[in-house]
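Here is the structure we will look at, set down as structure tokens.
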Amino acid sequence: GTRVTATKEAQMEKTAKRARAILHEWKAWLAVLAVGAALGAFLYARIYPMVAPQSELAQPTVQTLSPSVVFTRVREEGELVSASQDYSIVDKVTNSNRDFLDLFDVPFTEKSFWYRYNGTIKAGVDLSTAELEQDESDPSLLHVTLDQPHIISNTPDMDKSGVLEENNNIFNPISVEDSDAFRRQCVERSEEEAIGGGLLDEARTNAESQLTQIFNAAFEKDTYTLDFTYQDAGDE
């Protein structure tokens, strides 16, 4: 009877060990499945939004191209440089001290220098104040109002500008103020000569041509005809 009991206990112990081993294996598999599920959910959340098709409501709205849209972008450009001119002024500056009553030059006080002043003048129109109106009876006709062309910048080329020759005088030495005064005169003279030579007229013609080309590029060529008028800056 004792031998039978021992055999049964050994079989029960073996069955228990087997059950514990199976349970341990199931726990390991469940842990692997849990980790895999968590990783899959993470990857889904990160990748799906990149590849999922957007609904019609989520897609960006495409703005219809129209003359007003194009002109708004044109105005955002601000200044339009449509003409430029290089210039060079060479002149002699002579100066003498004057008497206390400013009646005559004081002898032996004359000074002089030759100076060359180079620069570039740029002219154009201010697009930020431009206005556009589509003709009521002819939608293909666009009325464009611009401020009068003006000089945008006058930039000296200091690499080419400077004193060529000077005749200094111990009683009336050449000063920095003399050079500065001459440069200011050169700026005024260059702008007067550029305007007299038609630089602003060239800027007007080129501005009209450039704006027309912009509309021809945005739409089919000759879809719109631009009619230009000009006003003084500040006029309504």
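In the structure tokens, the first chain shown is A, the next is B, and so on; residue numbers restart at 1 for each chain, and ligands run from 1 in the order shown.
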Do you know which residues are at most 12 Å from range 151-161 of chain A counting only C-alpha atoms, after dropping those on the same chain fewer than 5 positions away, and could you put them as a PDB file with C-alpha atoms, in the first residue's frame?
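Written file, result_32.pdb:
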```
ATOM      1  CA  GLY A  78       6.586  97.877 -53.002  1.00  0.00           C
ATOM      2  CA  GLU A  79       9.015  99.867 -55.141  1.00  0.00           C
ATOM      3  CA  LEU A  80       9.461  98.871 -58.780  1.00  0.00           C
ATOM      4  CA  VAL A  81      12.830  99.962 -60.186  1.00  0.00           C
ATOM      5  CA  SER A  82      12.213 100.346 -63.914  1.00  0.00           C
ATOM      6  CA  ALA A  83      15.130 102.527 -65.064  1.00  0.00           C
ATOM      7  CA  SER A  84      18.714 103.257 -63.994  1.00  0.00           C
ATOM      8  CA  GLN A  85      21.555 105.451 -65.162  1.00  0.00           C
ATOM      9  CA  ASP A  86      25.263 105.617 -64.348  1.00  0.00           C
ATOM     10  CA  TYR A  87      26.901 109.038 -64.296  1.00  0.00           C
ATOM     11  CA  SER A  88      30.297 110.647 -63.795  1.00  0.00           C
ATOM     12  CA  ILE A  89      30.886 114.298 -62.905  1.00  0.00           C
ATOM     13  CA  VAL A  90      34.361 115.819 -63.071  1.00  0.00           C
ATOM     14  CA  ASP A  91      34.715 119.440 -62.024  1.00  0.00           C
ATOM     15  CA  TRP A 114      39.632 118.648 -59.158  1.00  0.00           C
ATOM     16  CA  TYR A 115      37.074 116.059 -58.057  1.00  0.00           C
ATOM     17  CA  ARG A 116      35.434 113.141 -59.827  1.00  0.00           C
ATOM     18  CA  TYR A 117      32.069 111.907 -58.551  1.00  0.00           C
ATOM     19  CA  ASN A 118      30.559 108.667 -59.914  1.00  0.00           C
ATOM     20  CA  GLY A 119      27.231 107.113 -59.054  1.00  0.00           C
ATOM     21  CA  THR A 120      24.073 105.327 -60.166  1.00  0.00           C
ATOM     22  CA  ILE A 121      20.553 106.746 -60.163  1.00  0.00           C
ATOM     23  CA  LYS A 122      17.571 104.378 -60.045  1.00  0.00           C
ATOM     24  CA  ALA A 123      14.026 105.470 -60.841  1.00  0.00           C
ATOM     25  CA  GLY A 124      10.653 103.743 -60.769  1.00  0.00           C
ATOM     26  CA  VAL A 125       7.170 103.731 -59.296  1.00  0.00           C
ATOM     27  CA  ASP A 126       5.677 102.977 -55.885  1.00  0.00           C
ATOM     28  CA  SER A 179      34.494 117.841 -50.321  1.00  0.00           C
ATOM     29  CA  PHE A 182      30.871 119.454 -53.605  1.00  0.00           C
ATOM     30  CA  ARG A 183      29.391 115.930 -53.316  1.00  0.00           C
ATOM     31  CA  ARG A 184      26.008 117.382 -52.345  1.00  0.00           C
ATOM     32  CA  CYS A 186      26.974 116.533 -57.545  1.00  0.00           C
ATOM     33  CA  VAL A 187      23.937 114.655 -56.223  1.00  0.00           C
ATOM     34  CA  GLU A 188      21.613 117.544 -57.044  1.00  0.00           C
ATOM     35  CA  ARG A 189      23.214 118.082 -60.438  1.00  0.00           C
ATOM     36  CA  SER A 190      23.096 114.397 -61.390  1.00  0.00           C
ATOM     37  CA  GLU A 191      19.399 114.137 -60.569  1.00  0.00           C
ATOM     38  CA  GLU A 192      18.543 117.324 -62.439  1.00  0.00           C
ATOM     39  CA  ALA A 194      18.881 112.620 -65.292  1.00  0.00           C
ATOM     40  CA  ILE A 195      15.358 114.041 -65.133  1.00  0.00           C
ATOM     41  CA  GLY A 198      14.227 111.641 -69.729  1.00  0.00           C
ATOM     42  CA  LEU A 199      15.021 109.086 -67.015  1.00  0.00           C
ATOM     43  CA  LEU A 200      11.557 109.396 -65.451  1.00  0.00           C
ATOM     44  CA  ASP A 201       9.887 109.014 -68.852  1.00  0.00           C
ATOM     45  CA  GLU A 202      11.917 105.840 -69.383  1.00  0.00           C
ATOM     46  CA  ALA A 203      10.892 104.600 -65.933  1.00  0.00           C
ATOM     47  CA  ARG A 204       7.215 105.181 -66.786  1.00  0.00           C
TER      48      ARG A 204
END
```
### Message
Using only C-alpha atoms for the distances, tell me which of A:Ala181, A:Leu141, A:Leu65, A:Leu127 is nearest to Tyr230 in chain A.
### Response
A:Leu127
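For the choices A:Leu142, A:Phe113, A:Thr129, A:Val69, the atom-to-atom distance to Gly162 in chain A is smallest for A:Phe113 when using only C-alpha atoms.
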### Query
So how far away is CA of Gln213 in chain A from CA of Thr229 in chain A, in Å?
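It comes out at 17.5 Å.
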### Query
Counting only C-alpha atoms, which of A:Asp178, A:Glu165, A:Glu208, A:Asp138 gets nearest to Asp227 in chain A?
A:Glu208
### Message
So, with only C-alpha atoms as the atoms that count, which of A:Ala130, A:Pro149, A:His143, A:Thr64 lies closest to Asn206 in chain A?
### Response
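For Asn206 in chain A, the nearest of the candidates is A:Pro149.
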### Message
Considering only C-alpha atoms, can you say which of A:Arg73, A:Thr225, A:Thr212, A:Thr94 comes closest to Ser128 in chain A?
### Response
A:Arg73
